[in-house]
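Shown next: start.cif, containing mmCIF, C-alpha atoms and all ligand atoms.
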data_start
loop_
_atom_site.label_atom_id
_atom_site.label_comp_id
_atom_site.auth_asym_id
_atom_site.auth_seq_id
_atom_site.Cartn_x
_atom_site.Cartn_y
_atom_site.Cartn_z
CA MET X 722 33.87 77.03 74.59
CA LYS X 723 31.03 78.13 72.29
CA GLN X 724 31.26 77.27 68.60
CA ARG X 725 29.89 78.90 65.50
CA ALA X 726 28.45 76.23 63.19
CA ARG X 727 26.55 76.00 59.95
CA ALA X 728 23.36 74.02 60.46
CA VAL X 729 20.33 72.76 58.51
CA LEU X 730 17.11 74.17 59.96
CA SER X 731 13.41 73.93 59.42
CA ARG X 732 12.15 77.45 60.17
CA ALA X 733 8.50 77.01 59.12
CA VAL X 734 6.20 74.13 58.22
CA ASN X 735 6.05 73.28 54.51
CA GLN X 736 9.00 75.51 53.68
CA PRO X 737 12.29 74.21 52.27
CA VAL X 738 15.10 73.69 54.78
CA VAL X 739 17.60 76.52 55.20
CA VAL X 740 21.32 76.50 55.96
CA GLU X 741 22.27 79.05 58.60
CA GLU X 742 25.15 79.94 60.84
CA ILE X 743 24.20 79.24 64.46
CA GLU X 744 25.89 79.21 67.85
CA VAL X 745 26.37 75.98 69.81
CA ASP X 746 26.99 76.29 73.57
CA ALA X 747 29.77 74.48 75.39
CA PRO X 748 28.71 71.21 77.02
CA ARG X 749 27.31 71.40 80.53
CA ARG X 750 27.32 68.60 83.10
CA ASN X 751 26.96 65.15 81.43
CA GLU X 752 27.10 66.62 77.93
CA VAL X 753 29.61 66.45 75.09
CA MET X 754 30.22 68.62 72.07
CA ILE X 755 30.63 66.71 68.81
CA LYS X 756 32.26 67.94 65.61
CA LEU X 757 30.08 66.20 63.03
CA ALA X 758 31.70 64.45 60.08
CA ALA X 759 28.55 63.12 58.42
CA CYS X 760 24.78 63.06 58.84
CA GLY X 761 22.29 60.94 56.89
CA VAL X 762 19.09 62.50 55.58
CA CYS X 763 16.19 60.37 56.85
CA HIS X 764 12.55 60.62 55.82
CA SER X 765 11.79 61.57 59.43
CA ASP X 766 13.80 64.79 58.93
CA LEU X 767 11.64 65.54 55.90
CA SER X 768 8.53 64.66 57.95
CA ALA X 769 9.62 67.22 60.55
CA THR X 770 9.50 69.91 57.87
CA ASP X 771 6.00 69.13 56.58
CA GLY X 772 4.05 68.45 59.79
CA THR X 773 3.92 64.66 59.39
CA ILE X 774 6.01 64.54 62.56
CA PRO X 775 5.00 67.71 64.44
CA PHE X 776 8.06 69.63 65.67
CA PRO X 777 8.00 73.20 66.92
CA ALA X 778 10.04 75.34 64.50
CA PRO X 779 12.68 76.56 64.35
CA VAL X 780 14.40 73.22 64.71
CA VAL X 781 17.91 72.07 63.87
CA LEU X 782 17.38 68.85 61.89
CA GLY X 783 19.41 65.65 61.91
CA HIS X 784 19.36 62.51 64.01
CA GLU X 785 21.66 60.18 62.04
CA GLY X 786 25.06 61.73 62.69
CA ALA X 787 28.60 60.63 63.41
CA GLY X 788 31.64 62.63 64.39
CA THR X 789 34.32 63.22 66.98
CA VAL X 790 34.03 64.41 70.57
CA VAL X 791 35.75 67.80 70.83
CA GLN X 792 34.68 68.95 74.33
CA VAL X 793 33.39 67.11 77.39
CA GLY X 794 31.32 68.63 80.17
CA GLU X 795 31.70 68.19 83.90
CA GLY X 796 31.09 64.67 85.19
CA VAL X 797 31.58 62.93 81.83
CA THR X 798 33.61 59.76 82.32
CA GLU X 799 32.63 57.51 79.40
CA PHE X 800 33.75 59.84 76.59
CA ALA X 801 37.04 61.59 75.87
CA VAL X 802 38.10 64.16 73.31
CA GLY X 803 38.92 62.31 70.07
CA ASP X 804 36.37 59.49 70.48
CA GLN X 805 34.36 58.61 67.37
CA VAL X 806 30.66 58.66 68.27
CA VAL X 807 27.23 58.17 66.72
CA SER X 808 24.11 60.02 67.85
CA SER X 809 21.16 58.11 69.27
CA PHE X 810 17.80 59.78 68.75
CA VAL X 811 16.50 58.04 71.81
CA SER X 812 17.97 59.18 75.07
CA MET X 813 18.80 56.26 77.35
CA CYS X 814 18.54 57.34 81.00
CA GLY X 815 19.34 53.83 82.23
CA LYS X 816 16.98 54.22 85.20
CA CYS X 817 13.35 54.21 84.05
CA ARG X 818 11.29 51.00 83.91
CA TRP X 819 11.89 50.72 80.15
CA CYS X 820 15.65 51.10 80.36
CA VAL X 821 16.00 48.65 83.25
CA THR X 822 13.97 46.04 81.38
CA GLY X 823 16.15 46.27 78.26
CA ARG X 824 13.90 48.54 76.19
CA PRO X 825 15.80 51.86 76.10
CA GLN X 826 14.02 52.75 72.84
CA LEU X 827 10.98 53.46 75.03
CA CYS X 828 12.93 55.48 77.65
CA ASP X 829 10.76 57.99 79.51
CA GLN X 830 13.51 60.60 79.37
CA ALA X 831 13.63 60.32 75.58
CA ALA X 832 9.88 60.88 75.40
CA ARG X 833 10.29 64.10 77.41
CA ALA X 834 13.25 65.31 75.35
CA GLY X 835 11.37 65.56 72.05
CA TYR X 836 12.97 68.71 70.77
CA THR X 837 15.36 69.78 73.52
CA LEU X 838 18.05 68.15 75.62
CA PRO X 839 16.70 66.00 78.49
CA ASP X 840 16.62 68.96 80.92
CA GLY X 841 14.15 70.81 78.66
CA THR X 842 16.65 73.42 77.43
CA VAL X 843 18.77 73.69 74.26
CA ARG X 844 22.42 74.53 73.54
CA THR X 845 21.65 75.95 70.11
CA HIS X 846 20.86 79.59 69.30
CA ASP X 847 20.66 81.76 66.26
CA LEU X 848 23.13 84.64 66.02
CA GLU X 849 20.64 86.94 67.80
CA GLY X 850 20.62 84.55 70.77
CA ARG X 851 17.16 83.08 70.13
CA PRO X 852 16.90 79.39 71.07
CA LEU X 853 16.66 76.74 68.34
CA ASN X 854 15.03 73.38 69.04
CA VAL X 855 16.81 70.17 68.09
CA PHE X 856 15.33 67.11 66.38
CA SER X 857 14.84 64.34 68.97
CA GLY X 858 17.54 65.56 71.35
CA CYS X 859 20.12 65.53 68.52
CA GLY X 860 20.14 68.31 65.90
CA VAL X 861 23.21 66.77 64.29
CA MET X 862 22.71 68.15 60.77
CA ALA X 863 25.22 70.80 61.77
CA GLU X 864 28.98 71.20 61.93
CA TYR X 865 28.87 71.05 65.74
CA ALA X 866 26.26 69.81 68.24
CA THR X 867 26.15 69.54 72.01
CA LEU X 868 24.31 66.42 73.17
CA HIS X 869 23.56 64.78 76.49
CA VAL X 870 25.73 61.66 76.98
CA ASP X 871 22.54 59.56 77.05
CA ASN X 872 22.12 60.37 73.33
CA VAL X 873 25.67 59.42 72.34
CA VAL X 874 27.28 56.04 71.57
CA LYS X 875 31.03 55.50 71.25
CA VAL X 876 32.11 53.41 68.25
CA ALA X 877 35.42 52.10 66.92
CA LYS X 878 37.53 54.44 64.80
CA ASP X 879 38.33 52.02 61.96
CA ILE X 880 35.04 52.59 60.10
CA PRO X 881 34.53 55.88 58.20
CA ALA X 882 32.12 58.33 59.81
CA ASP X 883 29.68 58.41 56.86
CA ARG X 884 29.14 54.65 57.25
CA CYS X 885 28.84 54.96 61.04
CA ALA X 886 26.25 57.72 60.69
CA LEU X 887 23.84 55.37 58.89
CA ILE X 888 23.77 53.12 61.96
CA GLY X 889 22.34 56.05 63.96
CA CYS X 890 18.89 55.68 62.39
CA GLY X 891 18.09 53.96 59.09
CA VAL X 892 20.18 50.83 59.48
CA MET X 893 19.44 50.32 63.16
CA THR X 894 15.74 50.89 62.54
CA GLY X 895 15.44 48.51 59.58
CA VAL X 896 17.75 45.72 60.71
CA GLY X 897 16.50 46.05 64.29
CA ALA X 898 12.83 45.77 63.29
CA VAL X 899 13.64 42.39 61.75
CA CYS X 900 16.23 41.05 64.20
CA ASN X 901 15.19 42.65 67.51
CA THR X 902 11.46 43.36 67.24
CA ALA X 903 10.18 40.50 65.07
CA LYS X 904 13.08 38.07 65.61
CA VAL X 905 12.64 36.60 62.12
CA GLU X 906 13.67 32.92 61.99
CA PRO X 907 15.73 31.21 59.26
CA GLY X 908 13.52 29.93 56.45
CA SER X 909 10.93 32.70 56.85
CA ILE X 910 9.02 34.47 54.08
CA VAL X 911 9.31 38.23 54.50
CA VAL X 912 7.66 41.17 52.73
CA VAL X 913 9.10 44.69 53.09
CA PHE X 914 7.01 47.70 52.03
CA GLY X 915 9.09 50.77 51.12
CA ALA X 916 12.65 50.37 49.86
CA GLY X 917 14.17 53.57 51.25
CA GLY X 918 17.04 53.73 53.73
CA VAL X 919 14.91 51.99 56.38
CA GLY X 920 13.25 49.38 54.15
CA LEU X 921 16.51 48.45 52.40
CA SER X 922 17.96 47.88 55.87
CA ALA X 923 14.98 45.70 56.80
CA ILE X 924 15.67 43.69 53.63
CA GLN X 925 19.27 43.27 54.76
CA GLY X 926 18.08 42.24 58.22
CA ALA X 927 15.86 39.59 56.65
CA ALA X 928 18.77 38.27 54.58
CA ILE X 929 21.03 38.17 57.66
CA SER X 930 18.28 36.30 59.55
CA GLY X 931 18.13 33.60 56.87
CA ALA X 932 14.79 34.45 55.26
CA VAL X 933 14.33 32.36 52.11
CA GLN X 934 11.97 34.69 50.31
CA ILE X 935 12.21 38.46 50.64
CA VAL X 936 9.70 40.47 48.62
CA ALA X 937 10.30 44.22 48.28
CA VAL X 938 7.24 46.38 47.51
CA ASP X 939 7.64 49.96 46.33
CA THR X 940 5.92 52.42 44.02
CA ASN X 941 9.23 53.51 42.50
CA GLU X 942 10.82 51.09 40.01
CA HIS X 943 14.29 52.54 40.69
CA LYS X 944 13.96 51.52 44.37
CA LEU X 945 13.06 47.98 43.40
CA GLY X 946 16.37 47.69 41.54
CA MET X 947 18.14 48.83 44.72
CA ALA X 948 16.15 46.31 46.78
CA ARG X 949 17.68 43.42 44.81
CA VAL X 950 21.18 44.68 45.65
CA PHE X 951 20.34 44.46 49.37
CA GLY X 952 18.90 40.94 49.23
CA ALA X 953 15.33 41.04 47.88
CA THR X 954 14.58 37.82 46.04
CA HIS X 955 11.36 39.17 44.51
CA VAL X 956 9.96 42.65 43.85
CA LEU X 957 6.51 44.11 43.35
CA ASN X 958 5.74 47.53 41.92
CA ALA X 959 2.61 48.54 43.85
CA THR X 960 1.52 50.85 41.02
CA GLN X 961 1.34 47.96 38.59
CA THR X 962 -1.31 45.89 40.34
CA ASP X 963 -4.82 46.81 41.43
CA ASN X 964 -4.62 44.42 44.39
CA VAL X 965 -1.29 44.45 46.23
CA VAL X 966 -2.42 41.95 48.87
CA LYS X 967 -3.64 39.42 46.33
CA ALA X 968 -0.45 39.77 44.28
CA LEU X 969 1.67 39.18 47.40
CA LYS X 970 -0.35 36.17 48.50
CA GLN X 971 0.26 34.67 45.09
CA MET X 972 3.97 35.48 45.11
CA THR X 973 4.44 33.98 48.58
CA GLY X 974 2.38 30.85 48.00
CA GLY X 975 -0.37 31.83 50.42
CA GLY X 976 1.04 34.61 52.56
CA ALA X 977 4.10 35.88 54.42
CA ASP X 978 5.39 35.01 57.88
CA TYR X 979 6.48 38.61 58.47
CA ALA X 980 5.72 41.95 56.83
CA PHE X 981 7.43 45.27 57.57
CA GLU X 982 5.75 48.58 56.75
CA CYS X 983 8.56 51.08 56.12
CA VAL X 984 6.46 53.81 54.46
CA GLY X 985 4.28 55.47 57.11
CA ARG X 986 0.70 55.14 55.79
CA GLY X 987 -2.27 53.34 57.28
CA GLU X 988 -3.25 52.05 53.86
CA VAL X 989 0.12 50.30 53.56
CA VAL X 990 -0.12 48.98 57.14
CA ALA X 991 -3.37 47.29 56.10
CA GLN X 992 -1.58 45.74 53.11
CA ALA X 993 1.23 44.51 55.39
CA TYR X 994 -1.28 42.88 57.72
CA GLY X 995 -3.32 41.58 54.81
CA CYS X 996 -0.45 39.79 53.05
CA LEU X 997 0.29 37.57 56.08
CA HIS X 998 -0.86 33.99 56.34
CA LYS X 999 -2.18 32.56 59.61
CA GLY X 1000 0.07 33.21 62.61
CA GLY X 1001 2.02 35.94 60.78
CA THR X 1002 3.36 39.18 62.20
CA ALA X 1003 3.20 42.64 60.65
CA VAL X 1004 5.50 45.35 62.02
CA VAL X 1005 4.82 49.07 61.59
CA VAL X 1006 8.12 50.90 61.16
CA GLY X 1007 7.05 53.92 59.11
CA VAL X 1008 5.88 57.07 60.90
CA ALA X 1009 2.44 58.14 59.70
CA PRO X 1010 0.91 61.63 60.14
CA PRO X 1011 -0.83 62.08 63.54
CA LYS X 1012 -4.38 61.68 62.20
CA ASP X 1013 -3.69 58.71 59.93
CA THR X 1014 -5.61 55.55 60.88
CA VAL X 1015 -5.88 51.94 59.76
CA SER X 1016 -8.91 49.68 59.56
CA LEU X 1017 -8.58 45.88 59.85
CA ARG X 1018 -10.98 42.95 59.94
CA THR X 1019 -11.19 42.36 63.70
CA ALA X 1020 -11.99 38.64 63.60
CA SER X 1021 -8.78 37.92 61.71
CA PHE X 1022 -6.84 38.58 64.92
CA THR X 1023 -8.76 35.83 66.69
CA PHE X 1024 -9.22 33.14 64.08
CA GLU X 1025 -5.87 33.57 62.34
CA GLU X 1026 -3.75 34.56 65.38
CA LYS X 1027 -2.14 37.32 63.41
CA THR X 1028 -0.04 39.96 65.17
CA LEU X 1029 0.25 43.66 64.38
CA THR X 1030 2.98 45.45 66.27
CA GLY X 1031 5.27 48.47 66.01
CA SER X 1032 9.00 48.99 66.09
CA TYR X 1033 10.65 52.17 67.28
CA PHE X 1034 14.33 52.59 66.39
CA GLY X 1035 14.45 48.86 65.66
CA SER X 1036 13.88 48.12 69.36
CA ALA X 1037 17.51 49.21 69.68
CA ARG X 1038 19.79 48.88 72.64
CA PRO X 1039 22.15 51.36 71.00
CA ARG X 1040 25.25 50.75 73.13
CA GLU X 1041 25.02 47.04 72.37
CA ASP X 1042 23.56 47.09 68.85
CA PHE X 1043 25.61 49.85 67.16
CA PRO X 1044 28.91 47.96 67.65
CA ARG X 1045 27.20 44.71 66.56
CA LEU X 1046 26.01 46.30 63.32
CA LEU X 1047 29.46 47.71 62.64
CA GLY X 1048 30.82 44.21 63.29
CA LEU X 1049 28.51 42.83 60.60
CA TYR X 1050 29.77 45.53 58.22
CA ARG X 1051 33.39 44.68 59.00
CA ALA X 1052 32.62 41.02 58.33
CA GLY X 1053 31.15 41.91 54.93
CA ARG X 1054 27.64 40.86 55.96
CA LEU X 1055 25.98 44.29 56.18
CA LYS X 1056 26.09 46.64 53.21
CA LEU X 1057 26.68 50.26 54.21
CA ASP X 1058 28.77 51.55 51.28
CA GLU X 1059 25.99 50.70 48.82
CA LEU X 1060 23.41 52.58 50.93
CA ILE X 1061 25.12 55.91 50.28
CA THR X 1062 23.86 56.87 46.83
CA ARG X 1063 25.16 60.41 47.08
CA THR X 1064 26.96 62.73 49.46
CA TYR X 1065 26.22 66.45 49.76
CA THR X 1066 27.98 69.45 51.23
CA ILE X 1067 25.99 71.29 53.87
CA ASP X 1068 25.20 74.01 51.31
CA GLU X 1069 23.59 71.33 49.16
CA ALA X 1070 21.21 70.28 51.99
CA PRO X 1071 18.09 71.66 50.23
CA GLN X 1072 18.98 69.48 47.22
CA ALA X 1073 19.46 66.47 49.53
CA PHE X 1074 15.92 66.95 50.88
CA ALA X 1075 14.51 67.39 47.36
CA ASP X 1076 16.27 64.19 46.24
CA LEU X 1077 14.84 62.30 49.24
CA ALA X 1078 11.33 63.53 48.45
CA ALA X 1079 11.78 62.48 44.81
CA GLY X 1080 13.02 59.00 45.83
CA ARG X 1081 16.40 59.36 44.09
CA ASN X 1082 18.58 57.92 46.86
CA ALA X 1083 18.93 54.82 48.98
CA ARG X 1084 20.39 57.29 51.47
CA GLY X 1085 21.79 60.76 50.92
CA VAL X 1086 24.48 61.79 53.39
CA ILE X 1087 25.65 65.29 54.23
CA VAL X 1088 29.41 65.33 54.71
CA PHE X 1089 30.92 68.21 56.67
CA GLY X 1090 34.21 69.72 55.56
P1 LIG G 1 12.42 56.90 52.18
O1 LIG G 1 11.69 58.08 51.68
O2 LIG G 1 13.87 56.77 51.90
O3 LIG G 1 11.70 55.56 51.68
C1 LIG G 1 10.31 55.38 51.65
C2 LIG G 1 10.00 54.48 50.47
O4 LIG G 1 8.60 54.16 50.48
C3 LIG G 1 10.30 55.12 49.12
O5 LIG G 1 11.16 54.28 48.36
C4 LIG G 1 8.92 55.24 48.47
O6 LIG G 1 8.96 55.12 47.06
C5 LIG G 1 8.18 54.11 49.14
N1 LIG G 1 6.72 54.20 49.07
C6 LIG G 1 5.92 55.29 49.08
N2 LIG G 1 4.62 54.94 49.01
C7 LIG G 1 4.59 53.59 48.96
C8 LIG G 1 3.54 52.63 48.88
N3 LIG G 1 2.25 53.02 48.84
N4 LIG G 1 3.87 51.32 48.84
C9 LIG G 1 5.17 50.91 48.88
N5 LIG G 1 6.20 51.78 48.96
C10 LIG G 1 5.91 53.09 48.99
O7 LIG G 1 12.15 56.88 53.76
P2 LIG G 1 13.02 56.18 54.94
O8 LIG G 1 14.04 57.16 55.44
O9 LIG G 1 13.41 54.82 54.53
O10 LIG G 1 11.88 56.12 56.08
C11 LIG G 1 10.76 55.28 55.90
C12 LIG G 1 9.74 55.53 57.00
O11 LIG G 1 10.28 55.09 58.25
C13 LIG G 1 9.35 56.99 57.21
O12 LIG G 1 7.98 57.04 57.56
C14 LIG G 1 10.20 57.41 58.40
O13 LIG G 1 9.66 58.51 59.09
C15 LIG G 1 10.14 56.13 59.20
N6 LIG G 1 11.17 55.95 60.22
C16 LIG G 1 10.80 55.28 61.33
C17 LIG G 1 11.72 55.05 62.32
C18 LIG G 1 11.34 54.27 63.55
O14 LIG G 1 11.98 54.39 64.58
N7 LIG G 1 10.32 53.42 63.48
C19 LIG G 1 13.02 55.51 62.18
C20 LIG G 1 13.37 56.16 61.00
C21 LIG G 1 12.43 56.38 60.02
ZN ZN G 2 15.53 58.54 61.00
#
As a first step, turn the structure in this file into structure tokens.
Amino acid sequence: MKQRARAVLSRAVNQPVVVEEIEVDAPRRNEVMIKLAACGVCHSDLSATDGTIPFPAPVVLGHEGAGTVVQVGEGVTEFAVGDQVVSSFVSMCGKCRWCVTGRPQLCDQAARAGYTLPDGTVRTHDLEGRPLNVFSGCGVMAEYATLHVDNVVKVAKDIPADRCALIGCGVMTGVGAVCNTAKVEPGSIVVVFGAGGVGLSAIQGAAISGAVQIVAVDTNEHKLGMARVFGATHVLNATQTDNVVKALKQMTGGGADYAFECVGRGEVVAQAYGCLHKGGTAVVVGVAPPKDTVSLRTASFTFEEKTLTGSYFGSARPREDFPRLLGLYRAGRLKLDELITRTYTIDEAPQAFADLAAGRNARGVIVFG
């Protein structure tokens, strides 16, 4: 059965988001309809509205959602009505070379389904019947969404949906970059650039991994206060030094073992690489605009054996990692409550995006009535 739903859309580049009533089609084969309970507002949603991440408008935003399955399509065996689920913005086909080698975050199907469901079509329309694209196969900043089962992960019902939603992007991305991609060892020195929802989660990942020094770098003093709550042992306000790399080398006694760029700017990637000592690893987590580049001293790769790599969705294996992260939360070792600075109604979505742009929140979460 079709559903009317209020949804948060980007209708044109560089325009504020709008809240509109849309129509969501019933699930087809291997699809489920979800009634969303909560959806986090990630910087990537904002980047989809300003061309940093090019998305063809109009697009229903949202890729960090949790809710309940309300309809299942033909052939669906792993989900039932009433299940609590979290969206996965990568679609895991389970068959491509990346999925079969344990790297579903690189799934070929996900790459094809950039702004539609995997079959290239959408289940979302405006009230005149015109199709609406969906962010990364999800479009879960809406009261209802129909997703392919490869973009959905079942989770336990004991944890509130707003906490579960955070796992669907920011927490998985940040913790995963540290634990899955870099595999930070106990005793390491870690620097995290950008203390937003992703960077604060990277800081938590470093603490969970047993890092002994965790330096948070941000341009916003308010964020540095938050960073301490999530486990930063030291902080650096990048606006208060004329040489970030030098300051970090001093603070770390010669350089870091690992650095995580959670901002999305080549200039900051260069700082992350620069603050490493010999043998260190820098991980690019932020999503930079398409034409952004970075310039590095080539010989440092050879003589210092430094590594520069990237991390998409925290190198997640969502069906394995989402329950693990929720297990850490249950055990009191992963902070999710503290990540939610503020909740918003769907009508307040434009304010949620403005607050994200102004750096007011660790994470803002839209909660559906
Ligand atoms: P956010 O806006 O909540 O946080 C970004 C932080 O970076 C802010 O606190 C800001 O003050 C800080 N910052 C800005 N310029 C800086 C600078 N020069 N030096 C240090 N800090 C600076 O964003 P978020 O939701 O945490 O996302 C962070 C980045 O990660 C974005 O680029 C987003 O698109 C990307 N992202 C990547 C993935 C992935 O799969 N790799 C997933 C989600 C988000
Ligand atoms: Zn995100």
Residues within 6 Å of ligand LIG 1 (chain G) (only C-alpha atoms and all ligand atoms), as a PyMOL selection string? chain X and resi 763-765+890-891+894+914-920+938-941+944+959+983-985+989+1006-1008+1032-1034+1077+1080
Atom pair CA of Asp746 (chain X) / CA of Gly772 (chain X): separation (Å): 27.9 Å
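Going from CA of Leu969 (chain X) to CA of Ala928 (chain X) covers 18.6 Å.
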Expressed in Å to a single decimal, how great is the separation between CA of Ala1078 (chain X) and CA of Pro1010 (chain X)?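 That distance, rounded to one decimal, is 15.8 Å.
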Surrounding residues of region 833-846 of chain X excluding itself and chain neighbours under 3 positions, 6 Å, all atoms listed in the file, as number ranges by chain: X: 743-746, 830, 850-858
Could you check which of X:Gly952, X:Gly1053, X:Gly786, X:Gly897 is closest to Ser809 (chain X), using only C-alpha atoms? X:Gly786
With distances taken over all atoms listed in the file, which of X:Ser922, X:Ser812, X:Asn751, X:Gln724 is nearest to Leu848 (chain X)?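 Between X:Ser922, X:Ser812, X:Asn751, X:Gln724, the residue approaching Leu848 (chain X) most closely is X:Gln724.
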